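> Starting off with a structure, shown below.
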Amino acid sequence: MEPLTQNVTELEFSHGERVFIARTGAKNVVTMEGSVRGGWSTLPRSKAETACMAAELLDAGTLKKGKDAIREPLALRGASLSFSSGVDRTFFSGSCFPEDVSFLLSVVAECLAGASFPSAEIVRAKERALGEFAEAKTDTRRQAAGALSRLLYTSGHVNYAQTLETRAKGTRLVTRADLTSFRNTLGKDGLVLSIVGDVVPSEVHRNVERMLAKLPSKGIQDIPERHNAKVQHAEETFISIPDKANIDVYMGMSVPLTFESPEYLSFLTLGSMLGGRGLSTGHLMRTIRERDGYTYGIYSQPDGFTEHTHGMFRIWATFSPAIFEKAVAATKKEMSWFFKNGITEAALETKKDEMAGGYQVGLATTHGLASMLHKIGVEGKPLSYLDEYPSLIRTLSLKDVMNIVPLLPVSKLSLAAAGTKAV
Amino acid sequence: MSRTKVSPVPGFSFVREIGGITEYRFDKNGLRVLLVPDTSVPVVGCMVTYHVGSKNEATGYTGATHLLEHLMFKGSERFNKELGTSIEHLMESRGASINATTWFDRTNYYEVLPKDCLDLAIEIEADRMRTARILESDRQSEMPVVRNEFERGENLPMEALDKAMWAAAFTAHPYHHSTIGWRSDIEGVSIERLNQFYNDFYWPDNATATVAGHFDETKVLLKIKREFGKHTKKPDAYPMLYTTEPEQEGERRVTVERAGTDMVAIAHKIPEATHDDIPALIVLATILSDDKTSRLYKAFVDTAIATDASAQCWQFQDPSLFETFITLAPKTSHEKAEKLLKGEYQKVIDTSVSSAELKRAKQSLRAYTAAQRDGPYALLMSLNEDIATGDWARFVSLPEKIAAVTAADVRRVARTYFTDKTSTVGWFKNTAR
C-alpha cells in the first residue's frame, strides 16, 4: 500500500502550531478539525463552566460582527463550523466547499480572537445549559457515566465529573468578564489543525498563514502530571430513574497509564480484545450478547486519556431490568475468564488483523483522516505515525498485552448504573 | 447525463449510467447491480438492499424484518460457525465495517473493507441470500438481544414520542408501527413466520447489489455472476402490500407521560419520496431547522424557549410525514411551544421564505450531496435510501430538482401540507420533576 503520508503536508510554525493538509480524492468536500490550547482545566473548578459556555458562544458575536453576520455568510456558502470545549483544549470542527477554505479559516480566527459574548446571549446560553442539565437528569447513560467517574477519581481530578447540580450552580455564576478572560487565553500556541479533502495544499498553506497572523500568541502553560490519588477498590452505585425500560451500566477502574505511556497501545489492544464492537473479535460481545443474549451491546470504552492524565478502563453495557444482576455477574465472570484464559496468540493475531484493516477503512473519508491527523498533532506524535500505526500494532507481543492484565483486577472493578430496577 | 454502454461481462444487461453510477440487470435472475467506482481510496463497499421492510409486517409479527436481519448473521450454507467460516469472523478479522439495517421499506446488509477482500464479501452476501439458516435456537438467543435494542429506544423521549406519532398518524398503512416492532411481537414471533418472511422476500429479483469504491468492473461483474448466479428468480409472486392510508379528517393528538424531557412534536402528511413536491419540502425542512440561521433555531433555541428544534421531511416509498420536534427548556409550557410552532408554519404560508433563506438552504443541501460521496460508506448509506424508494436515480436527480426549487414552490407546499386537518400533535410530558 502507498504511504498515507505521501499526500499529507505538515507545516511548521514558530509557536508550536502543527498544521496538516491532505489532498484526497474527495470531490467538493473539505473537512477541518482543529483545536487550540485552553480548556476548563486551566480554570478554578468553580469556574469550569466558563469554558463550555465560551465555546457555545464563540460564534454568537465578535467585536466586529453580530452573530448573524458570522453565521449567515457561513450558511450562504454551505459551510459548517462548531466549537466545543475539552479539558485542555477548545476544539473547532468544520466543513466547506474547496473555494471557501480561506473564508472558513478567517471565521475561526475571528471567533477565537474576537468573541464578544453579548450579555443577552449569555443569559440565553445559561437557560439552554440549565435545560440540558435538566434533560440529563433522566438520561440513564449520561448519569451512569458520570457516577462511575466519581467512584474512580478524587474530586479534584480532571476526570471526576461534577454532578449536574454542581454544574448548574457553576453555570449560573459565569460572568461576561469570566468569558472574556478565558477567551483571552486562547491563542495560536499549540494550535493543531488538519484540513483534508479537495484542496490545493499550496493555497491552503497561504490561507493558514493568514489565519495564524490573526491569532495572538499567548504562550503555553505546561500541563501537569495528573495522576489519580484514589486507591481503587470495588464500589457500586445505582441511580434510580423511573419509567426506564433499559439500565445503562458502566464498569471500570482508573489505570496508572497515560496516552504517552509505552504500554498505552497494548492497553487499547487488550481493551478491544475484551470489549471490541465485533461479534467475533470482542470477547464480551461474543459471550454476553451472542451466547447469553443479555444485551444489545457491551463495549470497552477507555476514557479520560488527555495529556499526562491517568485515564480509565471502562465497559459500557445495557441490560434489561429483569436480568440486571445476572448480567452484571456474568460480565464479571467473563472478564475474569478472559484475563486468565482468553488472551491467546491466535486471538491477538486476529485482533491485529482487525485493527490494521479497520484503520485503513476508517481513513477512507475526509472526516476519518482529519480526525486521525488532529489526534496525531494533539498527542505530539510525528506525522510518520500515520503510516506506522499498523506496524506498531503488528509488533505487539502476547507478553506486551498480558503485562496489562495486572492493571485491571476484576476484584477492584467499580460499577455505576442508572435506570429503573425490576420490582 | 445518461450514457449508453455494453456490459463487459455477458449475462448482464446494461440499463443506464447516471452520475458515475452504472446499473446492470443480471439476466438470469433479475438482480439489479449498481457499480460506483472510486479509485482514490484503497477501500471498497459491498451492499445488498432487499425491498422488504417493516411495512411488510402486520400485527403479530411487527419487528419481524428486523429480527430476521439479526438472524441473517447466524450462518448460511458456506459461512457458519461449525465450518469456522462465520460471517463475523471472516469480515471482522479483515478489519471490515460490517452491519445491516432495517427500515420501513428496505433491509440492507453491507461490508466496507480493504479492496483486496471484496470477493469474500460478495460470496457471503450471495450465499446468505438463499441459504441462510433461520433456526429456532438462534431466535431464542437473539430475541432478548433485539428486545434490549427496543428497550434502549424506549429510554429515549424522542424515540418514544416518534413511535406514538406514527402510530396515531397512520391507522391502516403499516407505517403505523415502528421498525423495531411492539415488544410482545418481538417476544412472540415464531420461527416459522420468520422463515416464511425470508422465503417470501430474499430473492435476487427483489434485491439490489451495490459495489462502491476501489474495484475492477469486469472482475466484479464476473464474481457477481459466479456467486449470485447460483440463484433463480423467485418462482412465485411477491406478497402484495395493497393497504393505503385513508384520508385523515382532522387533527390527531397523542401524549406520552413518563420520565424524560418535555417535548412538542407536530407531523403533517406528505406524499411519497418520488412525488414532485418532495424537493420543495426538503428545502422547507432545511429552511426551518438546518443550522443556527434557520427559522426554528432562531425562534426556539436562540430565544432559550427550547434546547433543540428539528424538522425532517421523510422520504419513503409510500406517503409519510413531515415531522418537527421541539425539546422544551424547563420554563416553557407545551401550550406555548405548540402555538409558537404553528405560528412558524403560518409565517411560511403567509409570507413565504426569503431569497437569502432559499440560497442558504440550497447551498447546505449541495454540501450534503457532496458529502454523500465522501468514501464508500457514506455513498452506500445514502444510495441505499434512494434504492428503497424504488428509484435509485434520485441519488443523482434529486439535487438537480432541489436546485430548481423556488420560493413560490416552498410556500405552495407549506400551504398544501401544513394543514391542521392532516396533522398529528404529540406531547412528551416529563413525569419526573
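Here's how to read the names in the C-alpha cells: chain A, B, ... by the order shown, residue numbers from 1 in each chain, ligand numbers from 1 in the order shown.
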Residues near His15 in chain A, anyone? I mean within 9 Å using only C-alpha atoms, not counting same-chain ones fewer than 4 positions away, as a PDB file with C-alpha atoms, in the first residue's frame.

```pdb
ATOM      1  CA  LYS A 188      -2.204  30.118  18.278  1.00  0.00           C
ATOM      2  CA  ASP A 189       0.345  28.491  20.539  1.00  0.00           C
ATOM      3  CA  GLY A 190      -0.152  24.762  20.439  1.00  0.00           C
ATOM      4  CA  LEU A 191      -2.769  25.011  17.706  1.00  0.00           C
ATOM      5  CA  SER A 217       0.394  34.377  20.824  1.00  0.00           C
ATOM      6  CA  GLY A 219       2.259  31.163  25.370  1.00  0.00           C
TER       7      GLY A 219
END
```
> Pick out the chain A residues within 7 Å of chain B. Count only C-alpha atoms. Give them as a PyMOL selection string.
chain A and resi 25-29+71-72+75-78+124+127-128+131-132+135+138+242-246+278-281+289+291-296+319-320+350-351+353-358+360-361+364-366
> Would you please extract all strand (DSSP E or B) residues from range 132-278 of chain A, as assigned by DSSP on the backbone, and give them as a ChimeraX atom specification?
/A:192-197,226,236-240,247-254
> Determine, counting only C-alpha atoms, which protein, DNA and RNA residues have an atom within 6 Å of an atom of range 239-255 of chain B; residues of the same chain fewer than 4 positions away are not included. Present the result as a list in words.
Ala172, His173, Asp420, Lys421, Thr422, Ser423, Thr424, Val425, Gly426, Trp427 and Phe428 of chain B
> Please provide the set of residues having any atom within 7 Å of range 31-33 of chain B, restricted to only C-alpha atoms, with same-chain residues fewer than 3 positions apart removed, written as a CSV table (one decimal) with N, CA and C atoms, in the first residue's frame.

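And here is the file that came out, out.csv:
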```csv
chain,number,residue,atom,x,y,z
B,23,GLU,N,-25.8,1.0,-13.8
B,23,GLU,CA,-26.8,0.0,-13.5
B,23,GLU,C,-26.8,-1.1,-14.5
B,24,TYR,N,-26.7,-2.4,-14.0
B,24,TYR,CA,-26.9,-3.6,-14.8
B,24,TYR,C,-28.0,-4.4,-14.3
B,25,ARG,N,-28.6,-5.2,-15.1
B,25,ARG,CA,-29.5,-6.2,-14.7
B,25,ARG,C,-28.9,-7.6,-15.0
B,26,PHE,N,-28.9,-8.4,-14.0
B,26,PHE,CA,-28.4,-9.8,-14.2
B,26,PHE,C,-29.5,-10.6,-14.8
B,204,PRO,N,-33.1,-12.8,-5.6
B,204,PRO,CA,-32.3,-11.8,-6.3
B,204,PRO,C,-33.2,-10.7,-7.1
B,205,ASP,N,-34.3,-11.1,-7.5
B,205,ASP,CA,-35.2,-10.2,-8.3
B,205,ASP,C,-35.9,-9.2,-7.3
B,207,ALA,N,-33.8,-7.6,-5.0
B,207,ALA,CA,-32.6,-7.1,-4.4
B,207,ALA,C,-31.8,-6.2,-5.3
B,208,THR,N,-31.0,-5.4,-4.7
B,208,THR,CA,-30.0,-4.6,-5.5
B,208,THR,C,-28.7,-4.8,-4.8
B,209,ALA,N,-27.7,-5.2,-5.6
B,209,ALA,CA,-26.3,-5.4,-5.1
B,209,ALA,C,-25.5,-4.1,-5.6
B,210,THR,N,-24.9,-3.4,-4.6
B,210,THR,CA,-24.2,-2.2,-4.9
B,210,THR,C,-22.7,-2.4,-4.5
```
> According to DSSP computed on the backbone, where in range 290-353 of chain B is there helix (DSSP H, G or I)? Give the residues as a list in words.
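Answer for range 290-353 of chain B, restricted to helix (DSSP H, G or I): Arg295, Leu296, Tyr297, Lys298, Ala299, Phe300, Val301, His334, Glu335, Lys336, Ala337, Glu338, Lys339, Leu340, Leu341, Lys342, Gly343, Glu344, Tyr345, Gln346, Lys347, Val348, Ile349, Asp350 and Thr351 of chain B.
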> Keeping only C-alpha atoms, write those residues as a compact mmCIF listing (two decimals), in the first residue's frame.

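That gives us result_3.txt:
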```
# COMPACT_ATOMS: atom_id res chain seq x y z
CA ARG B 295 -36.18 29.74 11.46
CA LEU B 296 -36.84 27.26 14.25
CA TYR B 297 -33.38 27.72 15.76
CA LYS B 298 -33.93 31.45 15.88
CA ALA B 299 -37.48 31.17 17.19
CA PHE B 300 -36.87 28.48 19.79
CA VAL B 301 -33.21 27.86 20.60
CA HIS B 334 -46.27 22.69 25.91
CA GLU B 335 -49.09 25.04 25.01
CA LYS B 336 -46.73 27.91 24.34
CA ALA B 337 -44.35 25.81 22.24
CA GLU B 338 -47.16 24.33 20.16
CA LYS B 339 -48.65 27.75 19.49
CA LEU B 340 -45.28 29.16 18.51
CA LEU B 341 -44.52 26.24 16.22
CA LYS B 342 -47.83 26.53 14.44
CA GLY B 343 -47.13 30.23 14.11
CA GLU B 344 -43.85 29.47 12.35
CA TYR B 345 -45.66 27.24 9.87
CA GLN B 346 -48.21 30.00 9.30
CA LYS B 347 -45.47 32.55 8.57
CA VAL B 348 -44.21 30.43 5.70
CA ILE B 349 -47.75 30.03 4.41
CA ASP B 350 -48.50 33.75 4.71
CA THR B 351 -45.27 35.36 3.59
```
> Would you mind listing what lies within 9 Å of Leu173 in chain A as a PyMOL selection string, with only C-alpha atoms counted and same-chain residues fewer than 5 positions away left out?
chain A and resi 46-47+49-50+168
> If you keep C-alpha atoms, can you produce a file of those selected residues as a PDB file, in the first residue's frame?

```pdb
ATOM      1  CA  SER A  46     -15.818  26.529  40.395  1.00  0.00           C
ATOM      2  CA  LYS A  47     -15.352  28.411  37.125  1.00  0.00           C
ATOM      3  CA  GLU A  49     -18.394  26.008  33.165  1.00  0.00           C
ATOM      4  CA  THR A  50     -16.906  29.167  31.728  1.00  0.00           C
ATOM      5  CA  ALA A 168     -25.889  24.035  37.071  1.00  0.00           C
TER       6      ALA A 168
END
```
> Go ahead and compute the interatomic distance for CA of Thr318 in chain A and CA of Val249 in chain A, in Å to one decimal.
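About the pair CA of Thr318 in chain A and CA of Val249 in chain A: they are 6.0 Å apart.
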> Do you know which residues are at most 7 Å from Ile270 in chain B counting only C-alpha atoms, after dropping those on the same chain fewer than 4 positions away, and could you put them as a list in words?
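Answer for this query is Pro319, Ser320, Leu321, Phe322 and Tyr417 of chain B.
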> So how far away is CA of Pro118 in chain A from CA of Leu81 in chain A, in Å?
19.6 Å
> Residues within 9 Å of Lys64 in chain A, please, as a PDB file with N, CA and C atoms, in the first residue's frame. Count only C-alpha atoms; anything in the same chain fewer than 3 positions from it doesn't count.

```pdb
ATOM      1  N   GLY A  61     -21.233  36.379  18.219  1.00  0.00           N
ATOM      2  CA  GLY A  61     -20.942  37.812  18.143  1.00  0.00           C
ATOM      3  C   GLY A  61     -19.489  38.075  18.474  1.00  0.00           C
ATOM      4  N   GLU A 110     -11.517  34.795  13.659  1.00  0.00           N
ATOM      5  CA  GLU A 110     -12.289  35.914  14.205  1.00  0.00           C
ATOM      6  C   GLU A 110     -13.006  35.509  15.496  1.00  0.00           C
ATOM      7  N   GLY A 114     -11.845  37.166  18.769  1.00  0.00           N
ATOM      8  CA  GLY A 114     -12.651  38.367  18.995  1.00  0.00           C
ATOM      9  C   GLY A 114     -14.046  38.150  19.518  1.00  0.00           C
ATOM     10  N   ALA A 115     -14.383  36.944  19.997  1.00  0.00           N
ATOM     11  CA  ALA A 115     -15.744  36.722  20.509  1.00  0.00           C
ATOM     12  C   ALA A 115     -16.038  37.721  21.618  1.00  0.00           C
ATOM     13  N   SER A 116     -17.227  38.342  21.553  1.00  0.00           N
ATOM     14  CA  SER A 116     -17.506  39.445  22.485  1.00  0.00           C
ATOM     15  C   SER A 116     -18.501  39.077  23.582  1.00  0.00           C
TER      16      SER A 116
END
```
> Please compute the CA of Val30 in chain A-CA of Pro98 in chain A distance, one decimal, in Å.
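A separation of 6.0 Å between them.
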